[in-house]
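Notes follow the structure.
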Amino acid sequence: MNTVLLYCFVFALLSFILLGKQTRNKPRAKLPPGSMGWPYLGETLQLYSQNPNVFFGTRQQRYGEIFKTHILGSPGVMLCSPEAIRFVLVTRAHLFKPTYPKSKEKLSGPSALFFHQDDYHTQMRRLVQESLSLDAIKNLVPDIEAIAISTLDSWSGGQIFTFDVAALFIFGRSNTHYKEQLKKNYFTLDKGYNCFPINLPGSSYNKSVLARRRLSLILGEIIKERKENKLVEKDLLGSLLKFKDEQGQTLTHNQILDNIIGVLFAAQDTTATLLTWILKYMHDYSELLEAIQVEQRAIFAANEGGNQSLSWAQTRNMPPTSRAVKESLRMASIISFTFREAVEDVEYKGYLIRKGWKVLPLFRNIHHNPDFFNEPHNFNPSRFELGIRPNAFVPFGNGVHTCPGNEVAKTEILIFIYHLVNKFRWEAAASDGGIHYDPFPVPHQGLPAKFWKEYSGSQGALYDKIAN
Ligand code: HEM
């Protein structure tokens, strides 16, 4: 018995010594450099009182590719190298869950796919990806073209154009009689999305909450009609209604609603902002406008002066215009960063990212880093003729949550530019070059511009001013 006790004692001692040695050899990861700011407030005031690029840029210069901070009530880590972002969004994506403020989650609806990270996310993502696939876009090119023409003819603006295109992918060609109500309530909802979330009568947030309720009712009517008429459509709503999981379970009414409103949110303002920037760059850089005009006018001529519709193949083959779209995505970096939360302690290059801390991959910092983009502050679409460093161009994110609507966004912009350049002239008001965050970066005062419809006739061009 004594011998057994002795063996146990020796074994325990050896284990203790070996384990202790291992622990001593493995230095504990340290927190990244950076400042946590003031007690309670952290660095929130600094972030909101200055241009976010300056806030992020100065810290990147001071601390490098990873630094800590404390904003919006949470400690967090910011990352600004392609490798670090790939680590969070792709290779270790399971360790970082998406996180959004509760007030935003409430407006979009908690079942919208981008709040999730599990099987539910995979299932919803498959449905959304199918409805936004290249085949779906190809089928809808004539409809997107019709929306571009009618938007330009009535000059109802980029916001309406991008809403109508998103609605086309969600509701297909049907349900047009509900469109105006959907649009009106969606824009009220959108207005309160980024304002201070006080739910008191009359506040923007409260108006948003009420608009969200009305949207639910309208969507309820649309779904009821589809079910009554036994309409089976290939659009996103059709896929959501048809879906059954492995246990034969269908989606709940709220899951369908949240995903529809979520896709509208993801699609509309982002693409409208991109459109604004492209118009601004086309206005500011005359050689860019010229290159786009040459390309688009040749396609217009091949289509017998616009008598034939734009073909799918033509939308896939607009190299100079496509490069301008990419360069606008880089320069403007509409989604400057995204939010994740570490689900456990994670180590990255000897730094500890603590469980529960927010993790912010900073896309804009990569897009504006001279190590990856020569003279990053110059608008230069030709940089996309050469290869771009892997993971350095991420306007649509990366990994499991990467934007499923990126081809829709690019195609609708190309179609819009084709009609704009061939049929209109415009003049943007002088700008002070400033940027306003709303929450996406937009030129100061938006982009006030005058548009003229151009009639080409034998006596030359005649202009008809249609909007300011
Ligand atoms: C210029 C326009 C657009 C930009 C810059 C953009 C950018 C992004 C980015 C960066 C993400 C990933 C966010 C993250 O990882 O946290 C994302 C996700 C998403 N986008 Fe886009 N987007 C655009 C247009 C669209 C359009 C037109 C649609 C739909 C028609 C769309 C639908 C979505 C959806 C549903 C997600 C969530 C995907 C998921 O969580 O799995 N986006 N977008």
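Ordered as shown in the structure tokens, chains take letters A, B, and onward, while each chain numbers its residues from 1 and ligands are numbered from 1 in the order shown.
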
For the contact check between chain A and ligand 1, emit one row per residue of chain A within 8 Å, containing the shortest atom pair and the distance in Å rounded to one decimal, counting only C-alpha atoms and all ligand atoms, chain then rising number order, as a Markdown table.
| residue | atom | partner | partner_atom_place_in_ligand_line | distance |
| --- | --- | --- | --- | --- |
| A:Leu89 | CA | ligand 1 | 15 (O) | 7.2 |
| A:Pro98 | CA | ligand 1 | 16 (O) | 6.6 |
| A:Leu113 | CA | ligand 1 | 40 (O) | 5.5 |
| A:Phe114 | CA | ligand 1 | 40 (O) | 3.4 |
| A:Phe115 | CA | ligand 1 | 40 (O) | 6.8 |
| A:His116 | CA | ligand 1 | 40 (O) | 7.2 |
| A:His121 | CA | ligand 1 | 41 (O) | 6.8 |
| A:Thr122 | CA | ligand 1 | 41 (O) | 7.8 |
| A:Arg125 | CA | ligand 1 | 41 (O) | 5.5 |
| A:Val128 | CA | ligand 1 | 35 (C) | 6.7 |
| A:Leu132 | CA | ligand 1 | 30 (C) | 6.4 |
| A:Thr162 | CA | ligand 1 | 27 (C) | 7.7 |
| A:Val165 | CA | ligand 1 | 30 (C) | 7.9 |
| A:Ala166 | CA | ligand 1 | 30 (C) | 5.3 |
| A:Phe169 | CA | ligand 1 | 30 (C) | 6.9 |
| A:Gly262 | CA | ligand 1 | 35 (C) | 6.7 |
| A:Val263 | CA | ligand 1 | 35 (C) | 4.7 |
| A:Leu264 | CA | ligand 1 | 29 (C) | 6.9 |
| A:Phe265 | CA | ligand 1 | 32 (C) | 7.9 |
| A:Ala266 | CA | ligand 1 | 32 (C) | 4.6 |
| A:Ala267 | CA | ligand 1 | 26 (C) | 3.5 |
| A:Gln268 | CA | ligand 1 | 27 (C) | 6.4 |
| A:Asp269 | CA | ligand 1 | 2 (C) | 7.8 |
| A:Thr270 | CA | ligand 1 | 2 (C) | 4.4 |
| A:Thr271 | CA | ligand 1 | 2 (C) | 3.9 |
| A:Ala272 | CA | ligand 1 | 1 (C) | 7.5 |
| A:Thr273 | CA | ligand 1 | 1 (C) | 7.2 |
| A:Leu274 | CA | ligand 1 | 1 (C) | 5.2 |
| A:Leu275 | CA | ligand 1 | 1 (C) | 8.0 |
| A:Leu329 | CA | ligand 1 | 5 (C) | 6.9 |
| A:Ser333 | CA | ligand 1 | 5 (C) | 7.2 |
| A:Ile334 | CA | ligand 1 | 5 (C) | 5.5 |
| A:Ile335 | CA | ligand 1 | 10 (C) | 5.4 |
| A:Phe337 | CA | ligand 1 | 10 (C) | 7.5 |
| A:Thr338 | CA | ligand 1 | 16 (O) | 4.8 |
| A:Phe339 | CA | ligand 1 | 16 (O) | 6.1 |
| A:Arg340 | CA | ligand 1 | 16 (O) | 7.4 |
| A:Val394 | CA | ligand 1 | 10 (C) | 7.3 |
| A:Pro395 | CA | ligand 1 | 5 (C) | 5.4 |
| A:Phe396 | CA | ligand 1 | 10 (C) | 3.8 |
| A:Gly397 | CA | ligand 1 | 10 (C) | 3.9 |
| A:Asn398 | CA | ligand 1 | 15 (O) | 6.4 |
| A:Gly399 | CA | ligand 1 | 15 (O) | 7.4 |
| A:Val400 | CA | ligand 1 | 41 (O) | 6.0 |
| A:His401 | CA | ligand 1 | 41 (O) | 3.5 |
| A:Thr402 | CA | ligand 1 | 12 (C) | 4.7 |
| A:Cys403 | CA | ligand 1 | 17 (C) | 3.7 |
| A:Pro404 | CA | ligand 1 | 33 (C) | 5.3 |
| A:Gly405 | CA | ligand 1 | 28 (C) | 3.6 |
| A:Asn406 | CA | ligand 1 | 24 (C) | 5.4 |
| A:Glu407 | CA | ligand 1 | 27 (C) | 7.6 |
| A:Val408 | CA | ligand 1 | 27 (C) | 5.3 |
| A:Ala409 | CA | ligand 1 | 27 (C) | 4.3 |
| A:Lys410 | CA | ligand 1 | 1 (C) | 7.2 |

(request) Write out as JSON, numbers by chain all residues of region 32-196 of chain A that backbone DSSP assigns to alpha helix (DSSP H). (result) {"A": [44, 45, 46, 47, 48, 49, 52, 53, 54, 55, 56, 57, 58, 59, 60, 61, 62, 63, 82, 83, 84, 85, 86, 102, 103, 104, 105, 106, 107, 108, 119, 120, 121, 122, 123, 124, 125, 126, 127, 128, 129, 130, 131, 134, 135, 136, 137, 138, 139, 140, 141, 142, 143, 144, 145, 146, 147, 148, 149, 150, 151, 152, 153, 154, 158, 159, 160, 161, 162, 163, 164, 165, 166, 167, 168, 169, 170, 171, 179, 180, 181, 182, 183, 184, 185, 186, 187, 188, 189, 190, 191, 192, 193]}

Requested write-out: C-alpha atoms of the selected residues, as an mmCIF file, in the first residue's frame:
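Output saved as out-v5.cif:
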data_model
loop_
_atom_site.group_PDB
_atom_site.id
_atom_site.type_symbol
_atom_site.label_atom_id
_atom_site.label_comp_id
_atom_site.auth_asym_id
_atom_site.auth_seq_id
_atom_site.Cartn_x
_atom_site.Cartn_y
_atom_site.Cartn_z
ATOM 1 C CA THR A 44 -16.309 57.060 -27.459
ATOM 2 C CA LEU A 45 -16.217 60.866 -27.346
ATOM 3 C CA GLN A 46 -12.965 60.991 -29.324
ATOM 4 C CA LEU A 47 -14.451 58.658 -31.963
ATOM 5 C CA TYR A 48 -17.628 60.704 -32.343
ATOM 6 C CA SER A 49 -16.009 64.135 -32.162
ATOM 7 C CA PRO A 52 -13.403 58.299 -37.852
ATOM 8 C CA ASN A 53 -10.548 57.946 -40.371
ATOM 9 C CA VAL A 54 -8.398 60.216 -38.258
ATOM 10 C CA PHE A 55 -9.385 58.330 -35.099
ATOM 11 C CA PHE A 56 -8.482 54.937 -36.606
ATOM 12 C CA GLY A 57 -5.545 56.225 -38.703
ATOM 13 C CA THR A 58 -3.647 57.877 -35.836
ATOM 14 C CA ARG A 59 -4.007 54.798 -33.663
ATOM 15 C CA GLN A 60 -2.846 52.515 -36.462
ATOM 16 C CA GLN A 61 0.257 54.706 -36.892
ATOM 17 C CA ARG A 62 0.938 54.708 -33.170
ATOM 18 C CA TYR A 63 0.237 51.055 -32.331
ATOM 19 C CA PRO A 82 -5.315 41.804 -44.291
ATOM 20 C CA GLU A 83 -3.939 38.877 -42.233
ATOM 21 C CA ALA A 84 -5.635 39.985 -39.013
ATOM 22 C CA ILE A 85 -8.953 40.543 -40.761
ATOM 23 C CA ARG A 86 -8.736 37.161 -42.467
ATOM 24 C CA LYS A 102 -29.878 45.857 -29.409
ATOM 25 C CA SER A 103 -31.680 48.953 -30.728
ATOM 26 C CA LYS A 104 -30.653 48.069 -34.295
ATOM 27 C CA GLU A 105 -31.471 44.400 -33.818
ATOM 28 C CA LYS A 106 -34.973 45.399 -32.747
ATOM 29 C CA LEU A 107 -35.572 47.439 -35.912
ATOM 30 C CA SER A 108 -34.203 44.913 -38.352
ATOM 31 C CA ASP A 119 -26.982 26.343 -38.818
ATOM 32 C CA TYR A 120 -29.806 28.855 -39.026
ATOM 33 C CA HIS A 121 -27.374 31.357 -40.590
ATOM 34 C CA THR A 122 -26.153 28.748 -43.101
ATOM 35 C CA GLN A 123 -29.724 27.898 -44.101
ATOM 36 C CA MET A 124 -30.868 31.514 -44.471
ATOM 37 C CA ARG A 125 -27.680 32.433 -46.284
ATOM 38 C CA ARG A 126 -28.238 29.656 -48.832
ATOM 39 C CA LEU A 127 -31.718 31.018 -49.587
ATOM 40 C CA VAL A 128 -30.494 34.612 -49.858
ATOM 41 C CA GLN A 129 -27.519 33.630 -52.022
ATOM 42 C CA GLU A 130 -29.775 31.690 -54.403
ATOM 43 C CA SER A 131 -32.100 34.658 -54.861
ATOM 44 C CA LEU A 134 -25.742 35.294 -61.145
ATOM 45 C CA ASP A 135 -28.609 33.271 -62.701
ATOM 46 C CA ALA A 136 -31.177 35.359 -60.808
ATOM 47 C CA ILE A 137 -29.465 38.608 -61.863
ATOM 48 C CA LYS A 138 -29.229 37.439 -65.501
ATOM 49 C CA ASN A 139 -32.954 36.760 -65.516
ATOM 50 C CA LEU A 140 -33.710 40.209 -64.077
ATOM 51 C CA VAL A 141 -31.407 42.394 -66.212
ATOM 52 C CA PRO A 142 -34.339 43.684 -68.345
ATOM 53 C CA ASP A 143 -36.270 44.559 -65.167
ATOM 54 C CA ILE A 144 -33.307 46.377 -63.605
ATOM 55 C CA GLU A 145 -32.928 48.245 -66.890
ATOM 56 C CA ALA A 146 -36.607 49.240 -66.819
ATOM 57 C CA ILE A 147 -36.196 50.514 -63.228
ATOM 58 C CA ALA A 148 -33.083 52.516 -64.225
ATOM 59 C CA ILE A 149 -34.941 54.101 -67.159
ATOM 60 C CA SER A 150 -37.991 55.017 -65.109
ATOM 61 C CA THR A 151 -35.848 56.371 -62.224
ATOM 62 C CA LEU A 152 -33.899 58.562 -64.608
ATOM 63 C CA ASP A 153 -36.962 59.679 -66.556
ATOM 64 C CA SER A 154 -38.682 60.845 -63.393
ATOM 65 C CA GLY A 158 -30.542 56.858 -56.351
ATOM 66 C CA GLN A 159 -32.266 55.951 -53.066
ATOM 67 C CA ILE A 160 -35.454 54.978 -54.879
ATOM 68 C CA PHE A 161 -33.550 53.138 -57.617
ATOM 69 C CA THR A 162 -31.683 50.927 -55.158
ATOM 70 C CA PHE A 163 -34.848 50.295 -53.118
ATOM 71 C CA ASP A 164 -36.771 49.235 -56.231
ATOM 72 C CA VAL A 165 -33.997 46.897 -57.354
ATOM 73 C CA ALA A 166 -33.766 45.293 -53.888
ATOM 74 C CA ALA A 167 -37.575 44.887 -53.875
ATOM 75 C CA LEU A 168 -37.351 43.217 -57.295
ATOM 76 C CA PHE A 169 -35.049 40.516 -55.900
ATOM 77 C CA ILE A 170 -37.204 40.054 -52.811
ATOM 78 C CA PHE A 171 -40.717 40.203 -54.268
ATOM 79 C CA LYS A 179 -44.745 48.916 -53.323
ATOM 80 C CA GLU A 180 -45.509 52.543 -52.463
ATOM 81 C CA GLN A 181 -46.583 51.666 -48.916
ATOM 82 C CA LEU A 182 -43.558 49.438 -48.463
ATOM 83 C CA LYS A 183 -41.266 52.182 -49.692
ATOM 84 C CA LYS A 184 -42.783 54.907 -47.531
ATOM 85 C CA ASN A 185 -42.563 52.859 -44.337
ATOM 86 C CA TYR A 186 -39.142 51.467 -45.164
ATOM 87 C CA PHE A 187 -37.689 54.976 -45.504
ATOM 88 C CA THR A 188 -39.234 56.054 -42.172
ATOM 89 C CA LEU A 189 -37.772 52.924 -40.585
ATOM 90 C CA ASP A 190 -34.379 53.602 -42.145
ATOM 91 C CA LYS A 191 -34.279 57.198 -40.845
ATOM 92 C CA GLY A 192 -34.406 56.077 -37.221
ATOM 93 C CA TYR A 193 -31.950 53.201 -37.684
#

(request) To one decimal in Å, tell me the separation between CA of Phe384 (chain A) and CA of Pro320 (chain A). (result) 9.7 Å

(message) Measuring between only C-alpha atoms, which one of A:Asn422, A:Thr321, A:Ser133, A:Thr411 shows the shortest distance to Ala291 (chain A)?
(response) A:Thr321

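Here CA of Asn194 (chain A) and CA of Pro441 (chain A) stand 13.1 Å from one another.
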
(request) Would you work out the distance separating CA of Gln247 (chain A) from CA of Gln117 (chain A), expressed in Å to one decimal? (result) 19.9 Å

Find the residues around Leu217 (chain A) up to 12 Å (only C-alpha atoms counted), leave out those fewer than 5 positions away in its own chain, and share them as a PDB file with N, CA and C atoms, in the first residue's frame.
ATOM      1  N   TYR A 178     -48.410  47.077 -53.551  1.00  0.00           N
ATOM      2  CA  TYR A 178     -48.013  47.383 -52.170  1.00  0.00           C
ATOM      3  C   TYR A 178     -46.711  48.187 -52.114  1.00  0.00           C
ATOM      4  N   GLN A 181     -46.476  51.736 -50.387  1.00  0.00           N
ATOM      5  CA  GLN A 181     -46.583  51.666 -48.916  1.00  0.00           C
ATOM      6  C   GLN A 181     -45.322  51.084 -48.290  1.00  0.00           C
ATOM      7  N   LEU A 182     -44.794  50.058 -48.964  1.00  0.00           N
ATOM      8  CA  LEU A 182     -43.558  49.438 -48.463  1.00  0.00           C
ATOM      9  C   LEU A 182     -42.438  50.469 -48.425  1.00  0.00           C
ATOM     10  N   ASN A 185     -42.858  53.310 -45.701  1.00  0.00           N
ATOM     11  CA  ASN A 185     -42.563  52.859 -44.337  1.00  0.00           C
ATOM     12  C   ASN A 185     -41.110  52.427 -44.178  1.00  0.00           C
ATOM     13  N   LEU A 210     -42.575  52.350 -35.067  1.00  0.00           N
ATOM     14  CA  LEU A 210     -43.958  52.289 -35.561  1.00  0.00           C
ATOM     15  C   LEU A 210     -43.991  51.887 -37.039  1.00  0.00           C
ATOM     16  N   ALA A 211     -43.021  52.428 -37.817  1.00  0.00           N
ATOM     17  CA  ALA A 211     -42.961  52.074 -39.242  1.00  0.00           C
ATOM     18  C   ALA A 211     -42.665  50.588 -39.397  1.00  0.00           C
ATOM     19  N   ARG A 212     -41.840  50.051 -38.486  1.00  0.00           N
ATOM     20  CA  ARG A 212     -41.514  48.620 -38.516  1.00  0.00           C
ATOM     21  C   ARG A 212     -42.782  47.785 -38.322  1.00  0.00           C
ATOM     22  N   ILE A 222     -48.979  40.751 -48.039  1.00  0.00           N
ATOM     23  CA  ILE A 222     -48.349  40.219 -49.261  1.00  0.00           C
ATOM     24  C   ILE A 222     -48.241  38.689 -49.161  1.00  0.00           C
ATOM     25  N   ILE A 223     -47.839  38.231 -47.968  1.00  0.00           N
ATOM     26  CA  ILE A 223     -47.669  36.779 -47.782  1.00  0.00           C
ATOM     27  C   ILE A 223     -49.032  36.069 -47.880  1.00  0.00           C
ATOM     28  N   LYS A 224     -50.044  36.708 -47.278  1.00  0.00           N
ATOM     29  CA  LYS A 224     -51.390  36.109 -47.309  1.00  0.00           C
ATOM     30  C   LYS A 224     -51.871  35.951 -48.755  1.00  0.00           C
ATOM     31  N   HIS A 253     -43.412  33.261 -39.180  1.00  0.00           N
ATOM     32  CA  HIS A 253     -43.747  34.530 -39.839  1.00  0.00           C
ATOM     33  C   HIS A 253     -42.669  35.578 -39.537  1.00  0.00           C
ATOM     34  N   ASN A 254     -42.232  35.638 -38.289  1.00  0.00           N
ATOM     35  CA  ASN A 254     -41.226  36.647 -37.910  1.00  0.00           C
ATOM     36  C   ASN A 254     -39.874  36.384 -38.548  1.00  0.00           C
ATOM     37  N   LEU A 257     -40.198  37.740 -42.044  1.00  0.00           N
ATOM     38  CA  LEU A 257     -40.238  39.208 -41.990  1.00  0.00           C
ATOM     39  C   LEU A 257     -38.856  39.806 -41.723  1.00  0.00           C
TER      40      LEU A 257
END

(request) Go through A:Cys80, A:Leu215, A:Met282, A:Ala298 and flag the residue nearest Ser336 (chain A), using only C-alpha atoms for the distances. (result) A:Cys80

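The shortest atom-to-atom distance to Arg316 (chain A), with only C-alpha atoms taken into account, belongs to A:Ile415 out of A:Ile415, A:Leu360, A:Ile260, A:Ala342.
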
(request) Can you list, as a list of chain:residue names, all residues belonging to region 39-104 of chain A that DSSP tags as strand (DSSP E)? (result) A:Ile66, A:Phe67, A:Lys68, A:Thr69, A:His70, A:Ile71, A:Ser74, A:Pro75, A:Gly76, A:Val77, A:Met78, A:Leu79, A:Phe96, A:Lys97, A:Pro98

Save out the residues we just selected, C-alpha atoms, as a PDB file, in the first residue's frame.
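Just written: selection_21.pdb:
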ATOM      1  CA  ILE A  66      -3.842  45.577 -33.763  1.00  0.00           C
ATOM      2  CA  PHE A  67      -4.746  47.874 -30.893  1.00  0.00           C
ATOM      3  CA  LYS A  68      -7.202  47.988 -28.017  1.00  0.00           C
ATOM      4  CA  THR A  69      -9.770  50.652 -27.243  1.00  0.00           C
ATOM      5  CA  HIS A  70     -13.021  51.130 -25.340  1.00  0.00           C
ATOM      6  CA  ILE A  71     -15.987  52.451 -27.317  1.00  0.00           C
ATOM      7  CA  SER A  74     -17.356  47.951 -24.413  1.00  0.00           C
ATOM      8  CA  PRO A  75     -13.684  47.161 -24.495  1.00  0.00           C
ATOM      9  CA  GLY A  76     -12.590  46.239 -27.983  1.00  0.00           C
ATOM     10  CA  VAL A  77      -9.794  45.405 -30.338  1.00  0.00           C
ATOM     11  CA  MET A  78      -9.328  47.000 -33.743  1.00  0.00           C
ATOM     12  CA  LEU A  79      -7.530  45.190 -36.540  1.00  0.00           C
ATOM     13  CA  PHE A  96     -16.002  35.710 -33.391  1.00  0.00           C
ATOM     14  CA  LYS A  97     -19.767  36.130 -33.485  1.00  0.00           C
ATOM     15  CA  PRO A  98     -21.547  39.037 -35.203  1.00  0.00           C
TER      16      PRO A  98
END

(message) Measuring between only C-alpha atoms, which one of A:His283, A:Arg213, A:His368, A:His94 shows the shortest distance to Asp258 (chain A)?
(response) A:Arg213

(message) Could you list, as a list in words, every residue within 10 Å of region 287-290 of chain A, counting only C-alpha atoms and ignoring same-chain residues fewer than 4 positions away?
(response) Ile278, Leu279, Tyr281, Met282, His283, Val294, Glu295, Gln296, Pro320, Thr321, Ala324, Phe379, Asn380, Pro381 and Val421 of chain A
